[in-house]
Number of protein chains: 2
Amino acid sequence: MNSTLDIAVIQTACTSNREANLQATIGQIVDASKSGAKLICLQELFASTYFCQSENHEHFNLAQSIPGAITDQLSELANQLSVVIIAPVFERRAAGLFHNSAVIIESDGSLLGTYRKMHIPDDPYFYEKFYFTPGDLGFQCFETSVGKIGVCICWDQWFPEAARLTALQGAEVLVYPTAIGWQAGEKAEFGQSQLDAWQTIMRSHAIANGVFVVASNRVGMEENIEFWGSSFVADPYGAVLRTASVENPETMIVPCDLSLIETARTHWPFFRDRRIDAYADLSKRWLN
Amino acid sequence: MNSTLDIAVIQTACTSNREANLQATIGQIVDASKSGAKLICLQELFASTYFCQSENHEHFNLAQSIPGAITDQLSELANQLSVVIIAPVFERRAAGLFHNSAVIIESDGSLLGTYRKMHIPDDPYFYEKFYFTPGDLGFQCFETSVGKIGVCICWDQWFPEAARLTALQGAEVLVYPTAIGWQAGEKAEFGQSQLDAWQTIMRSHAIANGVFVVASNRVGMEENIEFWGSSFVADPYGAVLRTASVENPETMIVPCDLSLIETARTHWPFFRDRRIDAYADLSKRWLN
């Protein structure tokens with residue numbers, strides 16, 4: 001039995017032309033499928049620029065329902081190509097209620113489920129708390145035709161709790177659609193260390209949980225942020241299998257031997273030894 | 001106000017001569033103090049070889065009570081030099097009840113507390129479940145005269161829960177006394193990736209929790225294991241400040257500016273955003 005899953009990570013640059021963004025991504029999905037990819041991972045909010053750099057009520061018009069126009073198009077494509085697609089969507093749930101979400105689309109075009117970003121950042125030029133209500137669907141693993149796939153989004157990547165709770169549900173591949181980059185003036189002094197920390201924290205989730213980790217990040221200069229690309233895939237030992245460019249759109253196909261999960265976890269049996277009797281205080285804000 | 005703490009990491013090689021091991025370590029502590037170190041971190045089970053490579057009832061004779069002969073000597077030394085010492089001890093608590101512990105010795109020689117290793121490994125040549133009862137004192141932070149110090153031991157380092165629970169109590173520096181190395185035949189194929197994963201997982205605790213991380217590991221060939229040294233200190237961004245040699249004893253002094261913790265945590269405010277309403281299942285073994 002072949003345990004290798006070819007995962008495509010799609011890294012792209014966005015403009016204010018949403019139809020052009022969508023068509024560019026669709027083109028990359030078709031290419032990825034031709035190259036044999038069976039799981040295709042898109043970047044966070046792939047259909048638009050990263051609009052959270054200011055608090056602007058107009059931007060709520062970018063949101064769509066689930067299902068909606070974007071998921072309809074991608075469902076048709078997934079069915080046609082017989083691929084699983086992880087599709088981030090700026091989700092309009094009701095008037096005044098929006099989420100930063102990702103839809104898991106099965107290879108027959110059905111919508112398998114939605115993950116709503118649980119941890120919402122708010123930093124200069126990342127004003128997400130203005131736009132997105134924190135997710136209320138919890139951490140989830142989706143049983144797809146190509147494997148058990150967990151999805152978390154961007155800021156979630158800094159929280160070991162998110163990775164752990166997704167892995168405990170059986171996830172074999174943990175996918176992080178992301179939008180992260182350097183702010184003007186930061187790159188020279190902090191650029192390399194920020195990127196290194198970002199990759200390190202996700203590699204650590206691969207190690208701690210014995211899973212593959214996929215990060216898909218955008219590229220290009222948008223207003224105040226230079227998105228740093230560097231999408232990557234890490235194996236269950238935390239080894240980086242492939243990294244994309246810092247500045248160019250890329251369709252990266254990475255063969256992942258899922259049988260490595262069994263090997264990694266029997267050699268590094270962390271799940272055997274978790275002290276679940278002593279973890280209750282993880283549900284506290286602070287301990288003094 | 002000077003916020004810099006000079007931390008000494010003592011990495012050494014052990015023989016079957018326990019008095020020689022103790023004297024060598026005492027010599028390194030004195031040297032570290034002369035160089036200005038105020039917090040001195042010893043390696044796991046520093047007083048003996050790593051005896052867990054076989055299940056041998058004789059080895060229980062190596063254990064000592066707390067307080068006991070080793071802590072008495074180190075208390076006197078701590079008081080004399082006015083330094084805080086993290087001193088791992090094979091703890092005899094009662095007949096048939098032993099722990100892999102570390103004592104936090106204040107600069108006046110008093111014993112501030114004991115941490116008992118919570119996660120106990122059991123792998124070929126690391127038969128620790130035979131020797132050590134899992135700790136029953138939980139994860140702890142110790143308010144010392146040089147800062148708030150958390151201590152976890154070796155296998156604990158692979159569990160993000162341990163680092164988090166220690167940090168939530170206010171730890172500024174998280175110290176990991178360790179005994180890890182390559183087994184015969186593994187080094188050529190897996191050596192670098194194992195060492196890399198070991199460093200990565202601890203750097204990730206520094207990042208996720210905005211703390212300094214100190215790892216002290218032994219060197220030298222003992223029976224089936226070549227201990228890989230590589231003791232290191234990472235700052236709250238996960239950047240490695242200094243790494244010791246792979247094969248030589250070393251007394252490494254690393255100045256750590258504790259004010260970086262405030263900077264790191266306000267710029268990367270992960271504690272602000274933890275979804276404590278959604279973490280209860282971390283106390284479960286598995287979720288399906």
# chains A, B, ... in the order shown; residues from 1 in each chain; ligands from 1
$ interface_residues --of "chain B" --to "chain A" --cutoff "6 Å" --atoms "only C-alpha atoms" --output "PyMOL selection string"
chain B and resi 168-169+201+204+276+279+283+286-288
$ write_last_selection --atoms "N, CA and C atoms" --output "compact mmCIF listing (two decimals), in the first residue's frame"
# COMPACT_ATOMS: atom_id res chain seq x y z
N LEU B 168 3.00 29.74 33.25
CA LEU B 168 1.78 30.36 33.78
C LEU B 168 1.93 30.73 35.26
N GLN B 169 2.90 30.13 35.92
CA GLN B 169 3.17 30.47 37.32
C GLN B 169 4.16 31.61 37.45
N ILE B 201 12.45 21.83 19.95
CA ILE B 201 11.28 21.76 20.84
C ILE B 201 11.47 22.70 22.03
N SER B 204 11.05 26.27 21.03
CA SER B 204 9.63 26.59 20.84
C SER B 204 8.98 26.94 22.18
N ILE B 276 -8.81 29.78 26.69
CA ILE B 276 -8.92 28.88 27.84
C ILE B 276 -10.30 28.23 27.94
N TYR B 279 -9.84 24.62 26.03
CA TYR B 279 -8.66 23.78 26.27
C TYR B 279 -8.93 22.58 27.19
N SER B 283 -6.78 17.62 29.01
CA SER B 283 -6.68 16.66 30.11
C SER B 283 -7.18 15.27 29.72
N TRP B 286 -6.86 10.91 24.66
CA TRP B 286 -7.02 10.86 23.19
C TRP B 286 -8.47 11.22 22.94
N LEU B 287 -8.80 11.71 21.76
CA LEU B 287 -10.14 12.27 21.58
C LEU B 287 -11.00 11.52 20.58
N ASN B 288 -10.72 10.26 20.36
CA ASN B 288 -11.72 9.48 19.60
C ASN B 288 -11.56 7.99 19.88
$ closest_atom_pairs --of "range 94-204 of chain A" --to "range 220-235 of chain A" --cutoff "9 Å" --atoms "only C-alpha atoms" --output "CSV"
residue,atom,partner,partner_atom,distance
A:Tyr125,CA,A:Asn224,CA,7.3
A:Thr178,CA,A:Ser231,CA,8.8
A:Ala179,CA,A:Phe227,CA,6.9
A:Ile180,CA,A:Phe227,CA,5.6
A:Gly181,CA,A:Phe227,CA,3.7
A:Trp182,CA,A:Glu226,CA,5.1
A:Gln183,CA,A:Ile225,CA,4.7
A:Ala184,CA,A:Asn224,CA,6.0
A:Lys187,CA,A:Glu226,CA,8.9
A:Leu195,CA,A:Trp228,CA,7.9
A:Gln199,CA,A:Phe232,CA,8.3
A:Met202,CA,A:Ala234,CA,8.4
A:Arg203,CA,A:Ala234,CA,6.3
$ residues_around --residues "Glu55 in chain B" --least-positions-apart "5" --cutoff "8 Å" --atoms "only C-alpha atoms" --output "PDB file with all heavy atoms, in the first residue's frame"
ATOM      1  N   TYR B 127      15.831   3.219  30.669  1.00  0.00           N
ATOM      2  CA  TYR B 127      14.797   2.464  31.395  1.00  0.00           C
ATOM      3  C   TYR B 127      14.372   3.211  32.656  1.00  0.00           C
ATOM      4  O   TYR B 127      14.452   2.688  33.769  1.00  0.00           O
ATOM      5  CB  TYR B 127      15.304   1.062  31.722  1.00  0.00           C
ATOM      6  CG  TYR B 127      15.702   0.275  30.480  1.00  0.00           C
ATOM      7  CD1 TYR B 127      17.021  -0.007  30.187  1.00  0.00           C
ATOM      8  CD2 TYR B 127      14.718  -0.150  29.567  1.00  0.00           C
ATOM      9  CE1 TYR B 127      17.379  -0.702  29.033  1.00  0.00           C
ATOM     10  CE2 TYR B 127      15.065  -0.843  28.415  1.00  0.00           C
ATOM     11  CZ  TYR B 127      16.397  -1.111  28.153  1.00  0.00           C
ATOM     12  OH  TYR B 127      16.749  -1.788  27.011  1.00  0.00           O
ATOM     13  N   PHE B 130      11.598   2.062  35.356  1.00  0.00           N
ATOM     14  CA  PHE B 130      12.015   1.087  36.369  1.00  0.00           C
ATOM     15  C   PHE B 130      12.488   1.792  37.642  1.00  0.00           C
ATOM     16  O   PHE B 130      12.244   1.320  38.750  1.00  0.00           O
ATOM     17  CB  PHE B 130      13.142   0.217  35.795  1.00  0.00           C
ATOM     18  CG  PHE B 130      13.796  -0.719  36.780  1.00  0.00           C
ATOM     19  CD1 PHE B 130      13.161  -1.886  37.197  1.00  0.00           C
ATOM     20  CD2 PHE B 130      15.067  -0.438  37.294  1.00  0.00           C
ATOM     21  CE1 PHE B 130      13.779  -2.757  38.095  1.00  0.00           C
ATOM     22  CE2 PHE B 130      15.680  -1.304  38.198  1.00  0.00           C
ATOM     23  CZ  PHE B 130      15.037  -2.464  38.596  1.00  0.00           C
ATOM     24  N   TYR B 131      13.134   2.949  37.445  1.00  0.00           N
ATOM     25  CA  TYR B 131      13.774   3.607  38.592  1.00  0.00           C
ATOM     26  C   TYR B 131      12.916   4.692  39.250  1.00  0.00           C
ATOM     27  O   TYR B 131      12.941   4.849  40.469  1.00  0.00           O
ATOM     28  CB  TYR B 131      15.106   4.248  38.152  1.00  0.00           C
ATOM     29  CG  TYR B 131      16.156   3.233  37.801  1.00  0.00           C
ATOM     30  CD1 TYR B 131      16.442   2.933  36.472  1.00  0.00           C
ATOM     31  CD2 TYR B 131      16.842   2.561  38.811  1.00  0.00           C
ATOM     32  CE1 TYR B 131      17.400   1.980  36.148  1.00  0.00           C
ATOM     33  CE2 TYR B 131      17.813   1.602  38.493  1.00  0.00           C
ATOM     34  CZ  TYR B 131      18.081   1.316  37.156  1.00  0.00           C
ATOM     35  OH  TYR B 131      19.024   0.372  36.854  1.00  0.00           O
TER      36      TYR B 131
END
$ closest_residue --among "A:Thr133, A:Thr243, A:Ser33, A:Ser82" --to "Gln11 in chain A" --atoms "only C-alpha atoms"
A:Thr243
$ atom_distance --atom1 "CA of Val211 in chain A" --atom2 "CA of Ala102 in chain A"
19.6 Å
$ select_by_dssp --residues "range 175-286 of chain B" --states "strand (DSSP E or B)" --output "ChimeraX atom specification"
/B:175-178,181-183,212-217,219-222,225-228,232-234,240-243,250-257
$ residues_around --residues "Ala32 in chain A" --least-positions-apart "5" --cutoff "8 Å" --atoms "only C-alpha atoms" --output "PyMOL selection string"
chain A and resi 8+37+40+251-253
$ atom_distance --atom1 "CA of Asp257 in chain A" --atom2 "CA of Asn2 in chain A"
8.4 Å
$ atom_distance --atom1 "CA of Glu128 in chain B" --atom2 "CA of Arg93 in chain B"
16.2 Å
$ residues_around --residues "Gly113 in chain A" --least-positions-apart "6" --cutoff "8 Å" --atoms "only C-alpha atoms" --output "list in words"
Val103, Ile104, Ile105 and Phe142 of chain A
$ select_by_dssp --residues "range 12-254 of chain A" --states "helix (DSSP H, G or I)" --output "count of residues only"
79
$ closest_residue --among "B:Gln43, B:Gln73, B:Ser101, B:Gln192" --to "Lys117 in chain B" --atoms "only C-alpha atoms"
B:Ser101
$ residues_around --residues "Asn21 in chain A" --least-positions-apart "6" --cutoff "7 Å" --atoms "only C-alpha atoms" --output "ChimeraX atom specification"
/A:14-15,47-48
$ closest_residue --among "A:Asn61, A:Gln53, A:Ala13, A:Gln140" --to "Val219 in chain A" --atoms "only C-alpha atoms"
A:Ala13
